[in-house]
file query06.cif (mmCIF, C-alpha atoms)
data_entry
loop_
_atom_site.label_atom_id
_atom_site.label_comp_id
_atom_site.auth_asym_id
_atom_site.auth_seq_id
_atom_site.Cartn_x
_atom_site.Cartn_y
_atom_site.Cartn_z
CA MET A 1 29.92 0.38 -26.44
CA SER A 2 32.04 -2.61 -27.42
CA MET A 3 31.74 -6.01 -25.80
CA ALA A 4 35.17 -5.62 -24.20
CA ALA A 5 34.23 -2.24 -22.71
CA THR A 6 30.97 -3.72 -21.45
CA ARG A 7 32.83 -6.59 -19.75
CA ASP A 8 35.26 -4.12 -18.17
CA THR A 9 32.37 -2.00 -16.91
CA LEU A 10 30.63 -5.03 -15.40
CA ALA A 11 33.88 -6.27 -13.87
CA THR A 12 34.37 -3.01 -11.97
CA ALA A 13 30.70 -2.36 -11.14
CA SER A 14 29.53 -2.42 -7.55
CA GLN A 15 27.08 -5.00 -6.26
CA ALA A 16 24.33 -2.36 -6.20
CA ARG A 17 25.05 -1.48 -9.84
CA LEU A 18 24.95 -5.13 -10.92
CA THR A 19 21.70 -5.65 -9.04
CA TRP A 20 20.14 -2.64 -10.77
CA LEU A 21 21.27 -3.81 -14.20
CA ARG A 22 19.70 -7.22 -13.60
CA PHE A 23 16.56 -5.64 -12.16
CA ARG A 24 16.04 -3.41 -15.22
CA ARG A 25 15.76 -6.46 -17.46
CA HIS A 26 12.77 -7.70 -15.42
CA ARG A 27 9.87 -5.97 -17.19
CA LEU A 28 7.16 -6.89 -14.70
CA ALA A 29 9.39 -5.69 -11.87
CA MET A 30 9.84 -2.32 -13.59
CA VAL A 31 6.07 -2.07 -14.00
CA GLY A 32 5.66 -2.96 -10.32
CA LEU A 33 8.22 -0.31 -9.33
CA THR A 34 6.44 2.36 -11.39
CA VAL A 35 3.00 1.50 -10.00
CA THR A 36 4.35 1.32 -6.43
CA ILE A 37 5.98 4.75 -6.68
CA LEU A 38 2.75 6.17 -8.14
CA LEU A 39 0.62 4.65 -5.36
CA TYR A 40 2.82 5.97 -2.57
CA ALA A 41 2.96 9.40 -4.25
CA ILE A 42 -0.86 9.45 -4.31
CA ALA A 43 -0.97 8.47 -0.63
CA LEU A 44 1.62 11.10 0.29
CA PHE A 45 -0.21 13.92 -1.50
CA ALA A 46 -3.76 12.65 -0.92
CA GLU A 47 -5.15 16.10 -0.05
CA PHE A 48 -3.95 17.47 -3.40
CA VAL A 49 -4.86 14.43 -5.53
CA ALA A 50 -8.36 13.84 -4.07
CA PRO A 51 -10.98 16.06 -5.75
CA PHE A 52 -13.09 16.45 -2.59
CA ASN A 53 -13.04 16.08 1.17
CA PRO A 54 -13.61 12.36 1.83
CA ASP A 55 -15.94 13.08 4.76
CA ASP A 56 -18.27 15.50 2.96
CA SER A 57 -21.68 13.86 2.60
CA ASN A 58 -24.80 14.76 0.63
CA ALA A 59 -28.03 13.00 1.53
CA ARG A 60 -29.55 13.90 -1.87
CA LEU A 61 -26.81 12.07 -3.78
CA VAL A 62 -26.83 8.69 -2.03
CA PHE A 63 -25.37 5.90 -4.23
CA HIS A 64 -24.80 8.32 -7.10
CA PRO A 65 -23.39 6.25 -10.01
CA PRO A 66 -19.95 6.88 -11.55
CA GLN A 67 -19.81 9.53 -14.25
CA THR A 68 -17.89 8.88 -17.46
CA ILE A 69 -15.29 11.45 -18.50
CA HIS A 70 -15.61 12.77 -22.05
CA PHE A 71 -12.38 14.37 -23.22
CA LEU A 72 -13.60 15.99 -26.46
CA ASP A 73 -16.35 18.59 -26.36
CA ARG A 74 -18.37 19.33 -29.48
CA THR A 75 -18.65 23.09 -30.09
CA PRO A 76 -19.83 25.20 -33.06
CA ASP A 77 -16.17 25.47 -34.07
CA GLY A 78 -15.68 21.69 -33.98
CA LEU A 79 -14.23 19.26 -31.45
CA ARG A 80 -11.85 20.54 -28.80
CA PHE A 81 -10.13 19.03 -25.81
CA HIS A 82 -12.22 20.05 -22.81
CA PRO A 83 -12.94 17.19 -20.35
CA TYR A 84 -16.44 17.04 -18.94
CA VAL A 85 -19.03 14.69 -17.44
CA ASN A 86 -22.77 14.69 -17.91
CA ALA A 87 -24.81 15.64 -14.88
CA PHE A 88 -27.34 13.14 -13.52
CA LEU A 89 -30.95 13.71 -12.55
CA LEU A 90 -32.60 11.80 -9.71
CA LYS A 91 -35.97 10.43 -10.77
CA ARG A 92 -38.40 8.02 -9.16
CA ASP A 93 -40.44 5.30 -10.73
CA PRO A 94 -44.11 6.40 -10.54
CA VAL A 95 -45.22 2.91 -9.54
CA THR A 96 -42.49 1.56 -7.24
CA LEU A 97 -41.08 4.97 -6.20
CA ALA A 98 -37.59 3.47 -6.63
CA ALA A 99 -34.92 6.13 -7.11
CA ALA A 100 -32.84 6.07 -10.28
CA TYR A 101 -30.21 8.38 -11.71
CA VAL A 102 -30.46 9.23 -15.40
CA PRO A 103 -27.93 11.25 -17.41
CA ASP A 104 -28.85 14.84 -18.20
CA ALA A 105 -27.56 15.35 -21.75
CA ASN A 106 -28.34 19.07 -21.58
CA ARG A 107 -26.04 19.80 -18.67
CA LYS A 108 -22.30 19.29 -18.70
CA VAL A 109 -19.94 19.62 -15.76
CA TYR A 110 -16.54 20.66 -17.07
CA LEU A 111 -13.33 19.51 -15.40
CA ARG A 112 -9.93 21.11 -15.21
CA PHE A 113 -6.50 20.29 -13.90
CA PHE A 114 -5.23 22.16 -10.84
CA ALA A 115 -8.74 23.30 -10.01
CA SER A 116 -9.50 25.52 -7.06
CA GLY A 117 -11.68 23.64 -4.60
CA GLU A 118 -12.26 22.99 -0.95
CA PRO A 119 -9.46 24.21 1.35
CA TYR A 120 -7.32 21.60 3.07
CA LEU A 121 -4.23 21.21 5.23
CA MET A 122 -1.56 19.14 3.49
CA TRP A 123 -0.13 16.73 6.11
CA GLY A 124 -2.10 18.65 8.71
CA PHE A 125 -0.22 21.93 8.59
CA ILE A 126 0.28 23.22 5.01
CA PRO A 127 -2.84 25.11 3.82
CA GLY A 128 -3.98 24.74 0.24
CA ARG A 129 -7.05 24.67 -1.97
CA ILE A 130 -5.69 23.48 -5.35
CA HIS A 131 -6.69 19.94 -6.39
CA LEU A 132 -5.15 17.88 -9.19
CA VAL A 133 -8.52 17.46 -10.94
CA GLY A 134 -11.83 19.06 -10.10
CA PRO A 135 -14.90 20.79 -11.51
CA GLU A 136 -14.40 24.24 -13.00
CA HIS A 137 -17.08 25.63 -10.70
CA LYS A 138 -16.65 24.85 -7.03
CA GLU A 139 -20.39 24.44 -6.46
CA ASP A 140 -20.53 21.49 -8.88
CA THR A 141 -20.14 17.91 -7.68
CA VAL A 142 -18.52 15.13 -9.67
CA PHE A 143 -18.47 11.42 -8.78
CA LEU A 144 -15.93 9.78 -11.08
CA LEU A 145 -16.16 6.50 -9.13
CA GLY A 146 -19.62 7.00 -7.67
CA ALA A 147 -20.87 7.83 -4.18
CA ASP A 148 -21.52 5.70 -1.09
CA ARG A 149 -24.61 5.37 1.09
CA GLN A 150 -23.97 8.79 2.63
CA GLY A 151 -23.32 10.57 -0.65
CA ARG A 152 -19.53 10.73 -0.15
CA ASP A 153 -17.13 10.63 -3.09
CA VAL A 154 -15.73 7.09 -3.40
CA LEU A 155 -12.65 8.22 -5.39
CA SER A 156 -11.61 10.69 -2.69
CA ARG A 157 -12.15 8.07 0.01
CA ILE A 158 -10.06 5.48 -1.86
CA ILE A 159 -7.26 8.02 -2.26
CA PHE A 160 -7.31 8.92 1.43
CA GLY A 161 -7.67 5.25 2.38
CA SER A 162 -4.41 4.51 0.58
CA ARG A 163 -2.56 6.60 3.16
CA ALA A 164 -3.57 4.34 6.06
CA SER A 165 -3.35 1.02 4.20
CA LEU A 166 0.01 1.69 2.50
CA SER A 167 1.62 3.27 5.56
CA ILE A 168 0.56 0.31 7.72
CA GLY A 169 2.49 -1.88 5.28
CA LEU A 170 5.63 0.24 5.60
CA LEU A 171 5.42 0.74 9.36
CA GLY A 172 4.53 -2.87 10.01
CA VAL A 173 7.39 -4.14 7.86
CA SER A 174 9.80 -1.74 9.60
CA ILE A 175 8.92 -3.24 12.98
CA SER A 176 9.07 -6.77 11.59
CA LEU A 177 12.42 -5.95 9.97
CA LEU A 178 13.86 -4.82 13.29
CA LEU A 179 12.59 -7.91 15.11
CA GLY A 180 13.57 -10.31 12.32
CA ILE A 181 17.12 -8.99 11.94
CA THR A 182 17.68 -8.84 15.70
CA PHE A 183 16.44 -12.29 16.64
CA GLY A 184 17.46 -13.97 13.38
CA GLY A 185 20.95 -12.47 13.63
CA LEU A 186 21.38 -13.54 17.25
CA SER A 187 20.12 -17.02 16.44
CA GLY A 188 22.42 -17.50 13.46
CA TYR A 189 25.54 -15.84 14.87
CA TYR A 190 25.64 -17.35 18.36
CA GLY A 191 23.94 -20.69 17.71
CA GLY A 192 23.66 -23.15 20.62
CA ARG A 193 21.10 -22.34 23.28
CA THR A 194 20.36 -18.93 21.81
CA ASP A 195 19.53 -20.52 18.47
CA TRP A 196 17.41 -23.21 20.16
CA ALA A 197 15.39 -20.66 22.19
CA VAL A 198 14.76 -18.30 19.26
CA GLN A 199 13.75 -21.14 16.94
CA ARG A 200 11.29 -22.54 19.47
CA VAL A 201 9.65 -19.12 19.79
CA ILE A 202 9.44 -18.83 15.99
CA GLU A 203 7.96 -22.32 15.67
CA PHE A 204 5.39 -21.52 18.36
CA ILE A 205 4.30 -18.34 16.55
CA LEU A 206 4.15 -20.12 13.19
CA SER A 207 2.03 -22.90 14.69
CA LEU A 208 -0.68 -20.43 15.71
CA PRO A 209 -3.59 -19.94 13.28
CA THR A 210 -3.00 -16.44 11.95
CA ILE A 211 -6.53 -15.12 11.40
CA PRO A 212 -7.97 -16.28 14.78
CA ILE A 213 -4.96 -14.75 16.56
CA TRP A 214 -5.47 -11.45 14.72
CA LEU A 215 -9.14 -11.52 15.61
CA ALA A 216 -8.48 -12.31 19.25
CA LEU A 217 -5.85 -9.59 19.66
CA ALA A 218 -7.84 -6.97 17.76
CA ALA A 219 -11.06 -7.80 19.63
CA VAL A 220 -9.55 -6.74 22.97
CA LEU A 221 -8.91 -3.19 21.73
CA PRO A 222 -11.20 -0.68 23.46
CA LYS A 223 -13.88 0.63 21.10
CA ASP A 224 -13.47 4.19 22.42
CA TRP A 225 -9.81 4.49 21.42
CA PRO A 226 -9.00 7.30 18.98
CA PRO A 227 -8.25 6.22 15.38
CA MET A 228 -4.53 6.97 15.69
CA ALA A 229 -4.12 4.74 18.75
CA THR A 230 -6.02 1.95 17.00
CA TYR A 231 -3.86 2.43 13.90
CA PHE A 232 -0.57 1.95 15.79
CA THR A 233 -1.94 -0.96 17.82
CA ILE A 234 -3.18 -2.80 14.73
CA THR A 235 0.21 -2.22 13.11
CA LEU A 236 1.98 -3.62 16.15
CA ILE A 237 -0.28 -6.68 16.25
CA ILE A 238 0.40 -7.47 12.60
CA SER A 239 4.14 -6.91 13.05
CA LEU A 240 4.47 -9.17 16.09
CA ILE A 241 3.26 -12.08 13.99
CA GLY A 242 4.96 -11.19 10.70
CA TRP A 243 8.64 -11.11 11.71
CA THR A 244 9.25 -14.85 11.88
CA GLU A 245 9.85 -15.53 8.17
CA LEU A 246 12.47 -12.80 7.90
CA ALA A 247 14.15 -14.05 11.08
CA ARG A 248 14.53 -17.51 9.54
CA VAL A 249 16.05 -16.04 6.37
CA VAL A 250 18.54 -13.95 8.36
CA ARG A 251 19.41 -16.92 10.58
CA GLY A 252 20.17 -19.15 7.61
CA ARG A 253 22.38 -16.53 6.01
CA PHE A 254 24.24 -15.85 9.26
CA LEU A 255 24.89 -19.56 9.77
CA SER A 256 26.57 -19.70 6.36
CA LEU A 257 28.41 -16.38 6.69
CA ARG A 258 29.96 -16.88 10.11
CA SER A 259 32.37 -19.46 8.68
CA GLU A 260 33.41 -17.23 5.77
CA SER A 261 37.01 -16.01 5.59
CA PHE A 262 36.16 -12.29 5.86
CA VAL A 263 34.27 -12.89 9.12
CA THR A 264 37.18 -14.92 10.51
CA ALA A 265 39.59 -12.18 9.44
CA ALA A 266 37.52 -9.53 11.19
CA TRP A 267 37.42 -11.64 14.36
CA LEU A 268 41.19 -12.21 14.28
CA ASP A 269 41.69 -8.49 13.73
CA GLY A 270 40.03 -7.83 17.07
CA CYS A 271 36.68 -6.49 15.85
CA SER A 272 33.90 -6.52 18.40
CA GLN A 273 30.93 -8.80 17.87
CA PRO A 274 28.50 -5.93 17.14
CA ARG A 275 30.94 -4.58 14.51
CA ILE A 276 31.29 -8.01 12.90
CA ILE A 277 27.50 -8.38 12.75
CA PHE A 278 26.52 -4.89 11.60
CA ARG A 279 29.61 -3.83 9.65
CA HIS A 280 30.65 -7.07 7.95
CA MET A 281 27.84 -9.63 7.92
CA LEU A 282 24.63 -7.61 7.67
CA PRO A 283 25.62 -5.53 4.58
CA SER A 284 26.01 -8.73 2.59
CA LEU A 285 22.31 -9.46 3.27
CA THR A 286 21.06 -6.04 2.20
CA SER A 287 19.72 -7.10 -1.18
CA HIS A 288 18.01 -10.19 0.25
CA ILE A 289 16.47 -8.15 3.06
CA ILE A 290 15.14 -5.56 0.59
CA ALA A 291 13.53 -8.31 -1.47
CA ALA A 292 12.03 -9.94 1.64
CA VAL A 293 10.68 -6.61 2.87
CA THR A 294 9.10 -5.83 -0.51
CA LEU A 295 7.33 -9.19 -0.51
CA ALA A 296 6.21 -8.73 3.11
CA ILE A 297 4.47 -5.38 2.57
CA PRO A 298 1.54 -6.93 0.63
CA GLN A 299 0.95 -9.36 3.49
CA MET A 300 0.72 -6.45 5.93
CA ILE A 301 -1.72 -4.59 3.66
CA LEU A 302 -3.90 -7.69 3.25
CA ALA A 303 -3.86 -8.28 7.00
CA GLU A 304 -5.05 -4.73 7.73
CA THR A 305 -7.69 -5.00 5.01
CA ALA A 306 -8.99 -8.29 6.43
CA LEU A 307 -9.16 -6.98 10.00
CA SER A 308 -10.90 -3.74 8.99
CA PHE A 309 -13.30 -5.63 6.74
CA LEU A 310 -14.26 -7.90 9.65
CA GLY A 311 -14.84 -4.86 11.86
CA LEU A 312 -11.82 -5.43 14.10
CA GLY A 313 -9.29 -3.09 12.48
CA LEU A 314 -9.51 0.58 11.64
CA GLN A 315 -13.06 1.86 12.04
CA PRO A 316 -14.82 5.10 11.03
CA PRO A 317 -13.99 7.95 11.12
CA ALA A 318 -10.62 6.42 10.10
CA ILE A 319 -10.41 5.64 6.38
CA SER A 320 -8.62 2.59 4.99
CA TRP A 321 -9.29 0.25 2.10
CA GLY A 322 -10.49 -2.44 4.50
CA ALA A 323 -12.85 -0.02 6.24
CA LEU A 324 -14.21 1.06 2.83
CA LEU A 325 -14.79 -2.56 1.79
CA LYS A 326 -16.88 -3.01 4.93
CA GLU A 327 -19.51 -0.88 3.14
CA ALA A 328 -19.91 -3.73 0.61
CA GLN A 329 -20.49 -6.54 3.10
CA ASN A 330 -24.06 -7.32 2.05
CA VAL A 331 -25.49 -8.35 -1.30
CA GLN A 332 -28.04 -5.53 -1.30
CA SER A 333 -25.34 -2.85 -1.22
CA ILE A 334 -23.34 -4.57 -3.97
CA ALA A 335 -26.44 -4.94 -6.15
CA GLN A 336 -27.38 -1.30 -5.67
CA ALA A 337 -23.86 0.15 -5.87
CA PRO A 338 -21.28 -2.31 -7.27
CA TRP A 339 -18.67 0.47 -7.34
CA LEU A 340 -18.33 0.07 -3.56
CA LEU A 341 -16.06 -2.90 -4.38
CA LEU A 342 -13.50 -0.61 -6.05
CA PRO A 343 -11.31 -0.39 -2.90
CA GLY A 344 -10.77 -4.13 -3.42
CA ALA A 345 -9.40 -3.36 -6.89
CA ALA A 346 -6.98 -0.89 -5.28
CA VAL A 347 -5.82 -3.62 -2.90
CA ALA A 348 -5.37 -6.09 -5.75
CA ILE A 349 -3.36 -3.63 -7.88
CA THR A 350 -1.12 -2.73 -4.93
CA VAL A 351 -0.48 -6.35 -3.96
CA LEU A 352 0.31 -7.34 -7.55
CA ALA A 353 2.66 -4.38 -8.04
CA LEU A 354 4.54 -5.10 -4.82
CA ASN A 355 4.79 -8.80 -5.62
CA PHE A 356 6.19 -8.05 -9.09
CA LEU A 357 8.65 -5.63 -7.51
CA GLY A 358 9.67 -8.15 -4.85
CA ASP A 359 10.13 -10.95 -7.38
CA GLY A 360 12.34 -8.71 -9.50
CA LEU A 361 14.45 -7.65 -6.52
CA ARG A 362 14.82 -11.23 -5.38
CA ASP A 363 15.96 -12.40 -8.81
CA ALA A 364 18.29 -9.41 -9.24
CA ALA A 365 19.85 -9.93 -5.80
CA ASP A 366 20.50 -13.64 -6.39
CA PRO A 367 23.74 -14.03 -8.35
CA HIS A 368 22.89 -17.70 -9.07
CA ALA A 369 19.63 -16.77 -10.80
CA HIS A 370 21.43 -15.63 -14.00
#
call {"tool": "encode", "arguments": {"input": "query06.cif", "output": "structure tokens"}}
result
Amino acid sequence: MSMAATRDTLATASQARLTWLRFRRHRLAMVGLTVTILLYAIALFAEFVAPFNPDDSNARLVFHPPQTIHFLDRTPDGLRFHPYVNAFLLKRDPVTLAAAYVPDANRKVYLRFFASGEPYLMWGFIPGRIHLVGPEHKEDTVFLLGADRQGRDVLSRIIFGSRASLSIGLLGVSISLLLGITFGGLSGYYGGRTDWAVQRVIEFILSLPTIPIWLALAAVLPKDWPPMATYFTITLIISLIGWTELARVVRGRFLSLRSESFVTAAWLDGCSQPRIIFRHMLPSLTSHIIAAVTLAIPQMILAETALSFLGLGLQPPAISWGALLKEAQNVQSIAQAPWLLLPGAAVAITVLALNFLGDGLRDAADPHAH
């Protein structure tokens, strides 16, 4: 395409198209987008992706170490692609009686894609028994990321934990988005006493120490509540504190937009105030709001992880990354099973991916950044 044709295409492109073209040039943002889509796909189809039921325990396989996948199997006919792991034997030191797992080179556990395994209900109502990866024989057990103190598969628990941790980020940001747009829009559009009242509330919330407030609010939750009720309450607590930054962004944009000519034209044309706000002013903030939301999701995930880690968030039998990290609270557990820290790696990867994505969206949405 010639330079003239390219200029003509850019001149007639919509704002969304221009934003996407700028976003594609941000390599880290594209990596963040890919990883984010993959993570949410894993959370959405956790029953299919996880090799085992996350609650199945085996007292004989406590703290089973991770097993390395070998992709090429040596046969009499040569090497062939046939993934497998070596089985482990549990032995005890004859002097100290300390348990130790040693690889059994004579026994291989072969893996296959789309393996038939334990039955499950996808999203609670669609029956299935096919798993993305699993042992060829259903009676075999494989611990690709090790087992915890109850002999449960850590990989399956991390996959199922992503559903709670990632959805809390989305749900919490949705509530914060509603509160931030509502109060920030009212503050910026009307000004005067409305602006003064909203800003004082925001300043009061921002002046509160975040972690002690989370702890205090979460500590009053009844311990006998079901996991779902605790989940929604924790989400609400995080959201009620996290809407203030977005409200300030929306307020600042509304203060600058209300004097623009298109807003004045809409007012002179007899448009109602709700129509001016939602039909004319708010769409011009869409790209900025998307960027702010993307950057706010990691904060929600970290907040849930911190609360669950401290024992004040989601608790067993609920599974989240924070609840899984609670298993690694003492040095003895980490020394015996360092793979219990892997949920922290999942949190770090998610936060980095979302931050890269948010930075790319923010730069792409800002016309003055290029």
call {"tool": "resolve_selection", "arguments": {"input": "query06.cif", "expression": "the PyMOL selection byres ((chain A and resi 30-41) around 7)", "output": "compact mmCIF listing (two decimals) with C-alpha atoms, in the coordinates of the input"}}
result
# COMPACT_ATOMS: atom_id res chain seq x y z
CA ARG A 24 16.04 -3.41 -15.22
CA HIS A 26 12.77 -7.70 -15.42
CA ARG A 27 9.87 -5.97 -17.19
CA LEU A 28 7.16 -6.89 -14.70
CA ALA A 29 9.39 -5.69 -11.87
CA ILE A 42 -0.86 9.45 -4.31
CA ALA A 43 -0.97 8.47 -0.63
CA LEU A 44 1.62 11.10 0.29
CA PHE A 45 -0.21 13.92 -1.50
CA THR A 350 -1.12 -2.73 -4.93
CA ALA A 353 2.66 -4.38 -8.04
CA LEU A 354 4.54 -5.10 -4.82
CA PHE A 356 6.19 -8.05 -9.09
CA LEU A 357 8.65 -5.63 -7.51
call {"tool": "closest_residue", "arguments": {"input": "query06.cif", "among": "A:Leu352, A:Ala197, A:Val109, A:Ala318", "to": "Glu139 (chain A)", "atoms": "all atoms listed in the file"}}
result
A:Val109
call {"tool": "resolve_selection", "arguments": {"input": "query06.cif", "expression": "the PyMOL selection byres ((chain A and resi 89-106) around 9)", "output": "PyMOL selection string"}}
result
chain A and resi 60-61+64-65+67+86-88+107-108
call {"tool": "resolve_selection", "arguments": {"input": "query06.cif", "expression": "the PyMOL selection byres ((chain A and resi 161) around 12)", "output": "PDB file with C-alpha atoms, keeping the file's coordinate frame"}}
result
ATOM      1  CA  LEU A  39       0.620   4.650  -5.360  1.00  0.00           C
ATOM      2  CA  TYR A  40       2.820   5.970  -2.570  1.00  0.00           C
ATOM      3  CA  ILE A  42      -0.860   9.450  -4.310  1.00  0.00           C
ATOM      4  CA  ALA A  43      -0.970   8.470  -0.630  1.00  0.00           C
ATOM      5  CA  LEU A  44       1.620  11.100   0.290  1.00  0.00           C
ATOM      6  CA  ALA A  46      -3.760  12.650  -0.920  1.00  0.00           C
ATOM      7  CA  GLU A  47      -5.150  16.100  -0.050  1.00  0.00           C
ATOM      8  CA  ALA A  50      -8.360  13.840  -4.070  1.00  0.00           C
ATOM      9  CA  PRO A  54     -13.610  12.360   1.830  1.00  0.00           C
ATOM     10  CA  ASP A  55     -15.940  13.080   4.760  1.00  0.00           C
ATOM     11  CA  VAL A 154     -15.730   7.090  -3.400  1.00  0.00           C
ATOM     12  CA  LEU A 155     -12.650   8.220  -5.390  1.00  0.00           C
ATOM     13  CA  SER A 156     -11.610  10.690  -2.690  1.00  0.00           C
ATOM     14  CA  ARG A 157     -12.150   8.070   0.010  1.00  0.00           C
ATOM     15  CA  ILE A 158     -10.060   5.480  -1.860  1.00  0.00           C
ATOM     16  CA  ILE A 159      -7.260   8.020  -2.260  1.00  0.00           C
ATOM     17  CA  PHE A 160      -7.310   8.920   1.430  1.00  0.00           C
ATOM     18  CA  SER A 162      -4.410   4.510   0.580  1.00  0.00           C
ATOM     19  CA  ARG A 163      -2.560   6.600   3.160  1.00  0.00           C
ATOM     20  CA  ALA A 164      -3.570   4.340   6.060  1.00  0.00           C
ATOM     21  CA  SER A 165      -3.350   1.020   4.200  1.00  0.00           C
ATOM     22  CA  LEU A 166       0.010   1.690   2.500  1.00  0.00           C
ATOM     23  CA  SER A 167       1.620   3.270   5.560  1.00  0.00           C
ATOM     24  CA  ILE A 168       0.560   0.310   7.720  1.00  0.00           C
ATOM     25  CA  ILE A 301      -1.720  -4.590   3.660  1.00  0.00           C
ATOM     26  CA  GLU A 304      -5.050  -4.730   7.730  1.00  0.00           C
ATOM     27  CA  THR A 305      -7.690  -5.000   5.010  1.00  0.00           C
ATOM     28  CA  SER A 308     -10.900  -3.740   8.990  1.00  0.00           C
ATOM     29  CA  LEU A 314      -9.510   0.580  11.640  1.00  0.00           C
ATOM     30  CA  GLN A 315     -13.060   1.860  12.040  1.00  0.00           C
ATOM     31  CA  PRO A 316     -14.820   5.100  11.030  1.00  0.00           C
ATOM     32  CA  PRO A 317     -13.990   7.950  11.120  1.00  0.00           C
ATOM     33  CA  ALA A 318     -10.620   6.420  10.100  1.00  0.00           C
ATOM     34  CA  ILE A 319     -10.410   5.640   6.380  1.00  0.00           C
ATOM     35  CA  SER A 320      -8.620   2.590   4.990  1.00  0.00           C
ATOM     36  CA  TRP A 321      -9.290   0.250   2.100  1.00  0.00           C
ATOM     37  CA  GLY A 322     -10.490  -2.440   4.500  1.00  0.00           C
ATOM     38  CA  ALA A 323     -12.850  -0.020   6.240  1.00  0.00           C
ATOM     39  CA  LEU A 324     -14.210   1.060   2.830  1.00  0.00           C
ATOM     40  CA  LEU A 325     -14.790  -2.560   1.790  1.00  0.00           C
ATOM     41  CA  LEU A 342     -13.500  -0.610  -6.050  1.00  0.00           C
ATOM     42  CA  PRO A 343     -11.310  -0.390  -2.900  1.00  0.00           C
ATOM     43  CA  GLY A 344     -10.770  -4.130  -3.420  1.00  0.00           C
ATOM     44  CA  ALA A 346      -6.980  -0.890  -5.280  1.00  0.00           C
ATOM     45  CA  VAL A 347      -5.820  -3.620  -2.900  1.00  0.00           C
TER      46      VAL A 347
END
call {"tool": "residues_around", "arguments": {"input": "query06.cif", "residues": "region 171-176 of chain A", "least_positions_apart": "4", "cutoff": "12 Å", "atoms": "all atoms listed in the file", "output": "number ranges by chain"}}
result
A: 163-167, 180-184, 231-247, 289-304
call {"tool": "atom_distance", "arguments": {"input": "query06.cif", "atom1": "CA of Gly117 (chain A)", "atom2": "CA of Asp56 (chain A)"}}
result
12.9 Å
call {"tool": "closest_residue", "arguments": {"input": "query06.cif", "among": "A:Ser287, A:Gly311, A:Ser333, A:Ala265", "to": "Arg362 (chain A)", "atoms": "only C-alpha atoms"}}
result
A:Ser287
call {"tool": "atom_distance", "arguments": {"input": "query06.cif", "atom1": "CA of Phe113 (chain A)", "atom2": "CA of Leu132 (chain A)"}}
result
5.5 Å
call {"tool": "closest_residue", "arguments": {"input": "query06.cif", "among": "A:Leu186, A:Leu144, A:Val220, A:Leu307", "to": "Thr68 (chain A)", "atoms": "all atoms listed in the file"}}
result
A:Leu144
call {"tool": "atom_distance", "arguments": {"input": "query06.cif", "atom1": "CA of Arg22 (chain A)", "atom2": "CA of Gly360 (chain A)"}}
result
8.6 Å
call {"tool": "decode", "arguments": {"input": "query06.cif", "residues": "region 345-357 of chain A", "atoms": "N, CA and C atoms", "output": "compact mmCIF listing (two decimals), in the first residue's frame"}}
result
# COMPACT_ATOMS: atom_id res chain seq x y z
N ALA A 345 3.60 -17.43 41.73
CA ALA A 345 4.07 -17.20 40.37
C ALA A 345 2.90 -16.92 39.44
N ALA A 346 1.77 -17.62 39.65
CA ALA A 346 0.58 -17.35 38.85
C ALA A 346 0.07 -15.93 39.06
N VAL A 347 0.11 -15.47 40.31
CA VAL A 347 -0.30 -14.09 40.60
C VAL A 347 0.64 -13.10 39.91
N ALA A 348 1.94 -13.35 39.99
CA ALA A 348 2.91 -12.43 39.39
C ALA A 348 2.74 -12.36 37.87
N ILE A 349 2.56 -13.51 37.22
CA ILE A 349 2.38 -13.53 35.77
C ILE A 349 1.12 -12.78 35.37
N THR A 350 0.04 -12.99 36.12
CA THR A 350 -1.23 -12.32 35.81
C THR A 350 -1.11 -10.81 35.98
N VAL A 351 -0.51 -10.38 37.08
CA VAL A 351 -0.37 -8.95 37.34
C VAL A 351 0.51 -8.29 36.28
N LEU A 352 1.61 -8.93 35.92
CA LEU A 352 2.48 -8.37 34.88
C LEU A 352 1.75 -8.28 33.54
N ALA A 353 1.03 -9.34 33.17
CA ALA A 353 0.32 -9.34 31.89
C ALA A 353 -0.73 -8.24 31.84
N LEU A 354 -1.48 -8.07 32.92
CA LEU A 354 -2.51 -7.04 32.95
C LEU A 354 -1.91 -5.65 32.97
N ASN A 355 -0.78 -5.49 33.64
CA ASN A 355 -0.12 -4.17 33.64
C ASN A 355 0.43 -3.83 32.26
N PHE A 356 1.03 -4.80 31.58
CA PHE A 356 1.49 -4.56 30.20
C PHE A 356 0.32 -4.19 29.31
N LEU A 357 -0.79 -4.93 29.46
CA LEU A 357 -1.98 -4.65 28.66
C LEU A 357 -2.53 -3.26 28.96
